[in-house]
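Text of structure_8.json (JSON, C-alpha atoms) as supplied:
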[["chain", "number", "residue", "atom", "x", "y", "z"],
["V", 938, "MET", "CA", -88.88, 94.04, -99.44],
["V", 939, "ILE", "CA", -86.79, 91.52, -101.31],
["V", 940, "LEU", "CA", -83.65, 93.47, -100.50],
["V", 941, "VAL", "CA", -84.46, 93.64, -96.80],
["V", 942, "GLY", "CA", -85.22, 89.93, -96.70],
["V", 943, "THR", "CA", -81.97, 89.00, -98.43],
["V", 944, "ALA", "CA", -79.88, 91.20, -96.15],
["V", 945, "THR", "CA", -81.33, 89.61, -93.03],
["V", 946, "TRP", "CA", -80.77, 86.15, -94.40],
["V", 947, "ALA", "CA", -77.18, 86.90, -95.39],
["V", 948, "ALA", "CA", -76.29, 88.33, -91.97],
["V", 949, "ALA", "CA", -77.82, 85.58, -89.86],
["V", 950, "PRO", "CA", -76.43, 82.04, -90.03],
["V", 951, "VAL", "CA", -79.03, 79.41, -89.23],
["V", 952, "ASP", "CA", -79.44, 79.18, -85.45],
["V", 953, "THR", "CA", -82.89, 78.42, -84.16],
["V", 954, "TYR", "CA", -82.96, 79.68, -80.61],
["V", 955, "SER", "CA", -86.08, 80.62, -78.75],
["V", 956, "PHE", "CA", -86.20, 83.42, -76.22],
["V", 957, "ARG", "CA", -88.42, 84.33, -73.30],
["V", 958, "ASP", "CA", -89.13, 87.78, -74.65],
["V", 959, "ALA", "CA", -88.06, 90.30, -77.26],
["V", 960, "GLN", "CA", -85.73, 92.03, -74.84],
["V", 961, "GLU", "CA", -83.74, 88.87, -74.22],
["V", 962, "GLU", "CA", -83.50, 88.24, -77.94],
["V", 963, "SER", "CA", -82.29, 91.76, -78.65],
["V", 964, "ARG", "CA", -79.63, 91.42, -75.93],
["V", 965, "TYR", "CA", -78.50, 88.18, -77.58],
["V", 966, "ARG", "CA", -78.38, 89.85, -81.02],
["V", 967, "ALA", "CA", -76.41, 92.80, -79.65],
["V", 968, "LEU", "CA", -73.88, 90.52, -77.91],
["V", 969, "ILE", "CA", -73.16, 88.29, -80.88],
["V", 970, "ASP", "CA", -72.83, 91.40, -83.05],
["V", 971, "GLU", "CA", -70.33, 92.79, -80.56],
["V", 972, "PHE", "CA", -67.96, 89.83, -80.18],
["V", 973, "ARG", "CA", -65.30, 89.01, -82.71],
["V", 974, "CYS", "CA", -64.98, 85.48, -84.08],
["V", 975, "PRO", "CA", -61.57, 84.17, -82.85],
["V", 976, "LYS", "CA", -60.96, 82.17, -86.01],
["V", 977, "CYS", "CA", -61.91, 84.64, -88.70],
["V", 978, "LEU", "CA", -60.18, 87.86, -87.56],
["V", 979, "ASN", "CA", -62.51, 90.34, -89.27],
["V", 980, "THR", "CA", -65.97, 88.96, -88.65],
["V", 981, "ASN", "CA", -68.18, 89.12, -85.62],
["V", 982, "LEU", "CA", -69.87, 86.09, -84.09],
["V", 983, "SER", "CA", -73.19, 86.81, -85.74],
["V", 984, "GLY", "CA", -71.69, 87.11, -89.21],
["V", 985, "SER", "CA", -69.55, 83.99, -89.21],
["V", 986, "ASP", "CA", -70.51, 80.43, -90.03],
["V", 987, "ALA", "CA", -67.21, 79.05, -88.66],
["V", 988, "PRO", "CA", -67.86, 76.16, -86.23],
["V", 989, "ILE", "CA", -66.18, 78.04, -83.39],
["V", 990, "ALA", "CA", -68.48, 81.03, -83.95],
["V", 991, "MET", "CA", -71.44, 78.63, -83.80],
["V", 992, "ASP", "CA", -70.16, 77.18, -80.50],
["V", 993, "LEU", "CA", -69.65, 80.63, -79.03],
["V", 994, "ARG", "CA", -73.12, 81.79, -80.11],
["V", 995, "ARG", "CA", -74.56, 78.74, -78.37],
["V", 996, "LYS", "CA", -72.47, 79.54, -75.28],
["V", 997, "VAL", "CA", -73.66, 83.16, -75.26],
["V", 998, "TYR", "CA", -77.24, 81.92, -75.64],
["V", 999, "ARG", "CA", -76.88, 79.56, -72.68],
["V", 1000, "LEU", "CA", -75.12, 82.09, -70.45],
["V", 1001, "LEU", "CA", -77.94, 84.51, -71.23],
["V", 1002, "THR", "CA", -80.99, 82.26, -70.96],
["V", 1003, "ASP", "CA", -79.92, 79.49, -68.54],
["V", 1004, "ASP", "CA", -77.36, 81.18, -66.32],
["V", 1005, "HIS", "CA", -78.99, 84.63, -66.44],
["V", 1006, "LEU", "CA", -75.68, 86.47, -66.65],
["V", 1007, "SER", "CA", -75.63, 90.19, -67.35],
["V", 1008, "ASP", "CA", -74.11, 91.54, -70.56],
["V", 1009, "ASP", "CA", -70.98, 92.57, -68.68],
["V", 1010, "GLU", "CA", -70.61, 89.15, -67.08],
["V", 1011, "ILE", "CA", -70.85, 87.54, -70.51],
["V", 1012, "ARG", "CA", -68.18, 89.93, -71.84],
["V", 1013, "THR", "CA", -65.92, 88.99, -68.92],
["V", 1014, "TYR", "CA", -66.60, 85.29, -69.47],
["V", 1015, "LEU", "CA", -65.47, 85.44, -73.10],
["V", 1016, "GLN", "CA", -62.56, 87.77, -72.39],
["V", 1017, "GLU", "CA", -61.22, 85.44, -69.69],
["V", 1018, "ARG", "CA", -61.15, 82.58, -72.19],
["V", 1019, "TYR", "CA", -60.37, 84.19, -75.52],
["V", 1020, "GLY", "CA", -58.57, 87.35, -74.42],
["V", 1021, "ASP", "CA", -59.04, 90.97, -75.47],
["V", 1022, "PHE", "CA", -59.21, 89.75, -79.03],
["V", 1023, "VAL", "CA", -62.91, 88.90, -78.89],
["V", 1024, "LEU", "CA", -63.78, 92.41, -77.76],
["V", 1025, "TYR", "CA", -63.50, 94.74, -80.71],
["V", 1026, "ASP", "CA", -62.94, 97.42, -78.09],
["V", 1027, "PRO", "CA", -59.35, 96.91, -76.89],
["V", 1028, "PRO", "CA", -58.67, 98.01, -73.29],
["V", 1029, "PHE", "CA", -56.21, 100.81, -72.61],
["V", 1030, "LYS", "CA", -52.98, 99.15, -71.40],
["V", 1031, "PRO", "CA", -49.26, 99.36, -72.25],
["V", 1032, "ALA", "CA", -49.54, 96.97, -75.19],
["V", 1033, "THR", "CA", -52.25, 99.08, -76.77],
["V", 1034, "TRP", "CA", -50.94, 102.57, -75.96],
["V", 1035, "ALA", "CA", -49.69, 103.09, -79.51],
["V", 1036, "LEU", "CA", -53.06, 102.03, -80.87],
["V", 1037, "TRP", "CA", -55.01, 104.48, -78.72],
["V", 1038, "LEU", "CA", -52.56, 107.38, -78.79],
["V", 1039, "ALA", "CA", -51.60, 107.32, -82.47],
["V", 1040, "PRO", "CA", -54.70, 109.28, -83.58],
["V", 1041, "VAL", "CA", -53.95, 111.98, -80.98],
["V", 1042, "GLY", "CA", -50.36, 112.07, -82.26],
["V", 1043, "PHE", "CA", -51.54, 112.48, -85.82],
["V", 1044, "VAL", "CA", -53.84, 115.35, -84.82],
["V", 1045, "PHE", "CA", -50.86, 117.11, -83.19],
["V", 1046, "ILE", "CA", -48.64, 116.55, -86.21],
["V", 1047, "SER", "CA", -51.25, 117.83, -88.64],
["V", 1048, "GLY", "CA", -51.96, 120.82, -86.40],
["V", 1049, "PHE", "CA", -48.25, 121.63, -86.38],
["V", 1050, "VAL", "CA", -48.03, 121.37, -90.15],
["V", 1051, "LEU", "CA", -51.15, 123.48, -90.59],
["V", 1052, "LEU", "CA", -49.75, 126.21, -88.32],
["V", 1053, "ARG", "CA", -46.51, 126.32, -90.26],
["V", 1054, "VAL", "CA", -48.31, 126.58, -93.57],
["V", 1055, "LEU", "CA", -50.59, 129.33, -92.32],
["V", 1056, "ARG", "CA", -47.73, 131.32, -90.83],
["V", 1057, "GLN", "CA", -45.69, 131.34, -93.99],
["V", 1058, "SER", "CA", -45.35, 134.94, -95.22],
["V", 1059, "PRO", "CA", -47.11, 135.46, -98.51],
["V", 1060, "ALA", "CA", -44.79, 135.51, -101.54],
["V", 1061, "GLU", "CA", -43.41, 138.93, -102.49],
["V", 1062, "PRO", "CA", -45.13, 140.56, -105.44],
["V", 1063, "LEU", "CA", -43.14, 140.45, -108.69],
["V", 1064, "SER", "CA", -41.08, 143.44, -109.63],
["V", 1065, "GLU", "CA", -41.78, 145.19, -112.94],
["V", 1066, "SER", "CA", -38.92, 143.52, -114.80],
["V", 1067, "GLU", "CA", -40.03, 140.11, -113.52],
["V", 1068, "THR", "CA", -43.59, 140.78, -114.71],
["V", 1069, "GLU", "CA", -42.22, 141.65, -118.12],
["V", 1070, "ARG", "CA", -40.14, 138.43, -118.26],
["V", 1071, "LEU", "CA", -43.13, 136.36, -117.23],
["V", 1072, "ARG", "CA", -45.25, 137.96, -119.96],
["V", 1073, "VAL", "CA", -42.61, 137.16, -122.60],
["V", 1074, "ILE", "CA", -42.33, 133.54, -121.44],
["V", 1075, "LEU", "CA", -46.11, 133.05, -121.46],
["V", 1076, "ASP", "CA", -46.44, 134.68, -124.89],
["V", 1077, "ASP", "CA", -43.81, 132.38, -126.32],
["V", 1078, "ASN", "CA", -45.88, 129.36, -125.66],
["I", 683, "MET", "CA", -36.02, 129.78, -97.63],
["I", 684, "LYS", "CA", -36.52, 126.96, -95.13],
["I", 685, "ARG", "CA", -37.15, 123.61, -96.73],
["I", 686, "THR", "CA", -37.04, 121.39, -93.64],
["I", 687, "GLY", "CA", -40.82, 121.65, -93.37],
["I", 688, "LEU", "CA", -41.11, 119.85, -96.67],
["I", 689, "PHE", "CA", -39.75, 116.71, -95.03],
["I", 690, "ILE", "CA", -42.49, 116.48, -92.41],
["I", 691, "PRO", "CA", -44.92, 114.55, -94.64],
["I", 692, "LEU", "CA", -42.11, 112.19, -95.61],
["I", 693, "GLY", "CA", -41.30, 111.63, -91.94],
["I", 694, "VAL", "CA", -44.92, 110.92, -91.09],
["I", 695, "PHE", "CA", -45.16, 108.57, -94.05],
["I", 696, "LEU", "CA", -42.05, 106.66, -92.93],
["I", 697, "LEU", "CA", -43.41, 106.48, -89.38],
["I", 698, "ILE", "CA", -46.62, 104.90, -90.67],
["I", 699, "ILE", "CA", -44.61, 102.42, -92.75],
["I", 700, "VAL", "CA", -42.47, 101.41, -89.76],
["I", 701, "ILE", "CA", -45.44, 101.02, -87.40],
["I", 702, "GLY", "CA", -47.38, 99.13, -90.04],
["I", 703, "TYR", "CA", -44.45, 96.84, -90.77],
["I", 704, "ALA", "CA", -43.93, 96.11, -87.09],
["I", 705, "GLY", "CA", -47.63, 95.58, -86.55],
["I", 706, "PHE", "CA", -48.01, 93.12, -89.38],
["I", 707, "SER", "CA", -44.73, 91.22, -89.11],
["I", 708, "LEU", "CA", -43.94, 90.94, -85.42],
["I", 709, "THR", "CA", -47.14, 89.16, -84.47],
["I", 710, "ASP", "CA", -49.06, 86.55, -86.39],
["I", 711, "PRO", "CA", -52.72, 87.61, -86.20],
["I", 712, "HIS", "CA", -53.73, 83.95, -86.27],
["I", 713, "GLN", "CA", -51.81, 83.29, -83.04],
["I", 714, "LEU", "CA", -53.97, 84.74, -80.32],
["I", 715, "PRO", "CA", -52.24, 85.09, -76.97],
["I", 716, "SER", "CA", -53.91, 82.68, -74.60],
["I", 717, "ALA", "CA", -55.94, 84.28, -71.85],
["I", 718, "LEU", "CA", -55.18, 81.20, -69.76],
["I", 719, "LEU", "CA", -51.39, 81.65, -69.54],
["I", 720, "GLY", "CA", -50.29, 81.75, -65.93],
["I", 721, "LYS", "CA", -53.80, 80.88, -64.74],
["I", 722, "ALA", "CA", -55.30, 77.69, -63.39],
["I", 723, "PHE", "CA", -56.59, 75.20, -65.93],
["I", 724, "PRO", "CA", -60.39, 75.50, -65.67],
["I", 725, "GLU", "CA", -62.64, 73.03, -63.87],
["I", 726, "PHE", "CA", -64.40, 70.50, -66.07],
["I", 727, "THR", "CA", -65.98, 67.06, -66.07],
["I", 728, "VAL", "CA", -65.99, 65.07, -69.31],
["I", 729, "PRO", "CA", -66.32, 61.41, -70.34],
["I", 730, "LEU", "CA", -63.34, 59.40, -71.50],
["I", 731, "LEU", "CA", -63.02, 58.56, -75.17],
["I", 732, "GLY", "CA", -64.10, 54.95, -75.70],
["I", 733, "ASP", "CA", -65.54, 54.73, -72.18],
["I", 734, "SER", "CA", -68.35, 57.27, -71.91],
["I", 735, "ASP", "CA", -69.44, 55.95, -68.51],
["I", 736, "THR", "CA", -66.20, 57.00, -66.87],
["I", 737, "HIS", "CA", -65.84, 60.71, -66.27],
["I", 738, "VAL", "CA", -62.67, 62.58, -65.42],
["I", 739, "ASP", "CA", -62.25, 66.06, -64.00],
["I", 740, "ARG", "CA", -59.48, 68.55, -63.42],
["I", 741, "SER", "CA", -57.91, 66.52, -60.62],
["I", 742, "ALA", "CA", -56.85, 63.89, -63.21],
["I", 743, "LEU", "CA", -54.38, 66.45, -64.62],
["I", 744, "LEU", "CA", -52.69, 67.29, -61.32],
["I", 745, "GLY", "CA", -49.66, 65.84, -59.55],
["I", 746, "LYS", "CA", -47.21, 65.87, -62.45],
["I", 747, "PRO", "CA", -46.58, 68.20, -65.38],
["I", 748, "VAL", "CA", -48.83, 67.32, -68.29],
["I", 749, "LEU", "CA", -49.24, 68.27, -71.92],
["I", 750, "VAL", "CA", -52.92, 68.60, -72.82],
["I", 751, "ASN", "CA", -53.30, 68.17, -76.57],
["I", 752, "VAL", "CA", -56.53, 69.10, -78.38],
["I", 753, "TRP", "CA", -56.97, 67.02, -81.52],
["I", 754, "ALA", "CA", -59.52, 65.62, -83.97],
["I", 755, "THR", "CA", -59.54, 63.22, -86.88],
["I", 756, "TRP", "CA", -60.99, 65.93, -89.15],
["I", 757, "CYS", "CA", -57.89, 68.05, -88.61],
["I", 758, "PRO", "CA", -55.11, 67.36, -91.15],
["I", 759, "THR", "CA", -52.47, 69.15, -89.07],
["I", 760, "CYS", "CA", -53.24, 66.78, -86.19],
["I", 761, "LYS", "CA", -52.11, 63.89, -88.38],
["I", 762, "ALA", "CA", -48.78, 65.61, -89.01],
["I", 763, "GLU", "CA", -48.49, 66.30, -85.29],
["I", 764, "HIS", "CA", -49.37, 62.77, -84.23],
["I", 765, "ASP", "CA", -46.01, 61.28, -85.24],
["I", 766, "GLU", "CA", -44.19, 63.89, -83.17],
["I", 767, "LEU", "CA", -46.41, 63.14, -80.15],
["I", 768, "MET", "CA", -45.55, 59.44, -80.53],
["I", 769, "ARG", "CA", -41.87, 60.36, -80.65],
["I", 770, "ILE", "CA", -42.20, 62.54, -77.52],
["I", 771, "LYS", "CA", -44.05, 59.74, -75.77],
["I", 772, "ALA", "CA", -41.15, 57.37, -76.50],
["I", 773, "LEU", "CA", -38.32, 59.69, -75.47],
["I", 774, "SER", "CA", -39.75, 61.81, -72.66],
["I", 775, "GLU", "CA", -41.29, 61.37, -69.24],
["I", 776, "LEU", "CA", -43.85, 64.07, -70.01],
["I", 777, "ARG", "CA", -47.43, 62.84, -69.64],
["I", 778, "ILE", "CA", -49.64, 63.62, -72.62],
["I", 779, "VAL", "CA", -53.41, 63.80, -72.24],
["I", 780, "GLY", "CA", -55.67, 64.11, -75.28],
["I", 781, "VAL", "CA", -58.83, 66.13, -75.77],
["I", 782, "ASN", "CA", -60.73, 64.66, -78.68],
["I", 783, "TYR", "CA", -62.42, 67.82, -79.95],
["I", 784, "LYS", "CA", -65.79, 67.72, -81.73],
["I", 785, "ASP", "CA", -65.07, 64.39, -83.30],
["I", 786, "ASP", "CA", -66.71, 61.09, -84.16],
["I", 787, "GLU", "CA", -65.86, 58.58, -81.42],
["I", 788, "ARG", "CA", -65.59, 55.62, -83.82],
["I", 789, "LEU", "CA", -63.18, 57.47, -86.12],
["I", 790, "ALA", "CA", -61.16, 58.72, -83.16],
["I", 791, "LEU", "CA", -60.71, 55.21, -81.71],
["I", 792, "LYS", "CA", -59.74, 53.87, -85.13],
["I", 793, "TRP", "CA", -57.18, 56.69, -85.47],
["I", 794, "LEU", "CA", -55.56, 55.75, -82.15],
["I", 795, "ALA", "CA", -55.58, 52.05, -83.11],
["I", 796, "ASP", "CA", -54.05, 52.75, -86.54],
["I", 797, "TYR", "CA", -51.47, 55.39, -85.70],
["I", 798, "GLY", "CA", -50.68, 54.58, -82.07],
["I", 799, "ASP", "CA", -51.86, 56.17, -78.85],
["I", 800, "PRO", "CA", -49.48, 58.67, -77.23],
["I", 801, "TYR", "CA", -52.06, 59.68, -74.61],
["I", 802, "ASP", "CA", -52.29, 58.57, -70.98],
["I", 803, "PHE", "CA", -56.02, 58.99, -71.54],
["I", 804, "THR", "CA", -58.18, 60.93, -73.94],
["I", 805, "MET", "CA", -61.09, 63.10, -72.90],
["I", 806, "GLN", "CA", -64.10, 63.42, -75.12],
["I", 807, "ASP", "CA", -65.41, 66.88, -75.99],
["I", 808, "LEU", "CA", -68.25, 66.12, -78.36],
["I", 809, "ASP", "CA", -69.87, 69.55, -78.58],
["I", 810, "GLY", "CA", -66.80, 71.70, -77.99],
["I", 811, "SER", "CA", -67.84, 72.99, -74.53],
["I", 812, "LEU", "CA", -64.54, 72.06, -72.92],
["I", 813, "GLY", "CA", -62.92, 73.77, -75.91],
["I", 814, "VAL", "CA", -64.77, 76.99, -75.11],
["I", 815, "GLU", "CA", -63.62, 76.79, -71.47],
["I", 816, "LEU", "CA", -60.04, 76.47, -72.74],
["I", 817, "GLY", "CA", -60.33, 79.24, -75.31],
["I", 818, "VAL", "CA", -59.72, 76.77, -78.11],
["I", 819, "TYR", "CA", -60.55, 78.11, -81.56],
["I", 820, "GLY", "CA", -59.08, 75.41, -83.75],
["I", 821, "ALA", "CA", -57.15, 72.19, -83.59],
["I", 822, "PRO", "CA", -54.49, 71.28, -82.81],
["I", 823, "GLU", "CA", -53.84, 73.30, -79.67],
["I", 824, "SER", "CA", -51.74, 72.23, -76.70],
["I", 825, "PHE", "CA", -51.34, 73.38, -73.12],
["I", 826, "LEU", "CA", -48.40, 72.63, -70.85],
["I", 827, "LEU", "CA", -49.49, 72.44, -67.21],
["I", 828, "ASN", "CA", -47.36, 72.25, -64.10],
["I", 829, "ALA", "CA", -48.11, 69.77, -61.30],
["I", 830, "GLU", "CA", -50.54, 72.25, -59.71],
["I", 831, "GLY", "CA", -52.55, 72.58, -62.91],
["I", 832, "THR", "CA", -51.39, 76.07, -63.89],
["I", 833, "VAL", "CA", -51.04, 76.75, -67.61],
["I", 834, "ILE", "CA", -47.33, 77.42, -68.30],
["I", 835, "TYR", "CA", -47.39, 77.49, -72.06],
["I", 836, "LYS", "CA", -49.85, 77.28, -74.92],
["I", 837, "ARG", "CA", -49.23, 76.27, -78.50],
["I", 838, "VAL", "CA", -51.75, 76.99, -81.26],
["I", 839, "GLY", "CA", -50.96, 74.79, -84.23],
["I", 840, "GLU", "CA", -48.93, 71.64, -84.54],
["I", 841, "ILE", "CA", -46.18, 70.53, -82.23],
["I", 842, "ASN", "CA", -43.24, 69.61, -84.42],
["I", 843, "ARG", "CA", -39.67, 68.75, -83.54],
["I", 844, "ARG", "CA", -38.60, 72.41, -83.45],
["I", 845, "ILE", "CA", -41.46, 73.39, -81.13],
["I", 846, "TRP", "CA", -40.72, 70.43, -78.89],
["I", 847, "GLU", "CA", -37.00, 71.11, -78.66],
["I", 848, "GLN", "CA", -37.17, 74.90, -78.35],
["I", 849, "GLU", "CA", -40.45, 75.58, -76.58],
["I", 850, "ILE", "CA", -41.73, 72.58, -74.66],
["I", 851, "ALA", "CA", -38.77, 70.41, -73.62],
["I", 852, "PRO", "CA", -36.90, 73.29, -71.86],
["I", 853, "ARG", "CA", -40.04, 74.31, -69.96],
["I", 854, "PHE", "CA", -40.71, 70.71, -68.98],
["I", 855, "ALA", "CA", -37.11, 70.40, -67.75],
["I", 856, "VAL", "CA", -37.61, 73.47, -65.54],
["I", 857, "LEU", "CA", -40.84, 72.02, -64.15],
["I", 858, "VAL", "CA", -39.18, 68.71, -63.35],
["I", 859, "ALA", "CA", -36.21, 70.43, -61.70],
["I", 860, "SER", "CA", -38.48, 72.56, -59.49],
["I", 861, "GLU", "CA", -40.69, 69.65, -58.50],
["I", 862, "PRO", "CA", -40.36, 68.41, -54.93],
["I", 863, "VAL", "CA", -38.89, 64.91, -54.72],
["I", 864, "GLN", "CA", -41.66, 62.36, -54.53],
["I", 865, "PRO", "CA", -41.28, 59.74, -51.81],
["I", 866, "GLY", "CA", -40.24, 56.49, -53.44],
["I", 867, "GLY", "CA", -39.84, 58.19, -56.80]]

The structure given in the file should be rewritten as structure tokens.
Amino acid sequence: MILVGTATWAAAPVDTYSFRDAQEESRYRALIDEFRCPKCLNTNLSGSDAPIAMDLRRKVYRLLTDDHLSDDEIRTYLQERYGDFVLYDPPFKPATWALWLAPVGFVFISGFVLLRVLRQSPAEPLSESETERLRVILDDN
Amino acid sequence: MKRTGLFIPLGVFLLIIVIGYAGFSLTDPHQLPSALLGKAFPEFTVPLLGDSDTHVDRSALLGKPVLVNVWATWCPTCKAEHDELMRIKALSELRIVGVNYKDDERLALKWLADYGDPYDFTMQDLDGSLGVELGVYGAPESFLLNAEGTVIYKRVGEINRRIWEQEIAPRFAVLVASEPVQPGG
């Protein structure tokens, strides 16, 4: 119990918003978990106590409860102002081709390497004189 | 025996190094590209700093190129930038408009009285809502707008002499050159 309580506290900076119903609140939670804090690079809005993250949480709350925007409309709203950056899910466009295609490339490269390794002919068995030499060398040590 | 295959892992490794180096050095992750570039400066209505009864909106920025500068007294970099803004004010025709961002009005007015006021007027953004509309995520940030209110250029971080001379002044010169001649002006 203590662990659970601590985890919740650590992950939720102190905003006291009230919601119409549980569904609205869960949409809010999901959205602020989804968006990236523009100032802190590797934190989402819900996990950051940076002032800008606080402002954006308030904005998301208002868009949701006052303006009744859909989740997608809220995504578009933030993307139009803060760019693709706030979406952890970068869109597929020329600037991000390398990002999206690199994993595919790596799969091809590893497949190629794997094929080569598997196709290699097994080593020839040692001849009798070689076996004898090997035995002598091993015995020496 | 063929040994070329042995070099494949090395090649892949070098590829990763090159991509990683490019990825980390070519772009500063703290400089987000502005989503506003090339788009119209958003609509807004905010009170003036020091005169909360008077409100200004987007139309106050139109007609001539303008540099919109987001600043605050709590921002140390803004202090460093302020001297350069004063210098630009003295030497250039470029209008500068301030956005006092999430600040204390009393401190902000004292700042302008103490260090000089390079702004035609300063808009007050107490809770940062105008900042959100502009995609501001820190101060200082500056936007260069053409006479129609389209964002031509955005600077995140301070404007210093180098930024002025290399980034802003040339763009302003282009804007002035392409502007239709004003009657009487």

*asked:* Residues near segment 989-1002 of chain V, anyone? I mean within 6 Å using all atoms listed in the file, not counting same-chain ones fewer than 6 positions away, as a PyMOL selection string.
replied: (chain V and resi 974+982) or (chain I and resi 819)

*Taking all atoms listed in the file into account, what are the residues of chain I at most 9 Å from chain V, put as number ranges by chain?*
I: 687, 690-691, 694, 711-712, 714-718, 809-811, 814-820

*Test item: residues at most 6 Å from segment 776-789 of chain I, all atoms listed in the file, excluding those fewer than 6 positions along its chain, as an NGL selection string*: :I and (748-754 or 801-810)

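Taking all atoms listed in the file into account, Lys761 of chain I lies nearest to I:Glu840 out of the set I:Glu840, I:Asp733, I:Glu830, I:Asp739.
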
*List as a list in words: which residues have an atom within 12 Å of (-50.2, 63.4, -60.5), counting only C-alpha atoms?*
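Protein and nucleic acid residues near the point are Arg740, Ser741, Ala742, Leu743, Leu744, Gly745, Lys746, Pro747, Val748, Leu776, Arg777, Asp802, Leu827, Asn828, Ala829, Glu830, Gly831, Glu861 and Gln864 of chain I.
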
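In this model, the gap between atom CA of Leu1024 of chain V and atom CA of Leu1006 of chain V comes to 17.3 Å.
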
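Distances from I:Leu812, I:Ala790, I:Ile850, I:Ala704 to Phe825 of chain I were compared using all atoms listed in the file, and the smallest one belongs to I:Ile850.
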
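From atom CA of Glu823 of chain I back to atom CA of Val838 of chain I, the distance works out to 4.5 Å.
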
*asked:* I'd like the interatomic distance between atom CA of Arg964 of chain V and atom CA of Leu1036 of chain V, to a tenth of an Å.
replied: 29.0 Å

*asked:* Restricting the calculation to all atoms listed in the file: of V:Glu1067, V:Asp952, V:Glu961, V:Tyr1025, which residue gets closest to Asp986 of chain V?
replied: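 Looking at the shortest contact to Asp986 of chain V, the residue is V:Asp952.
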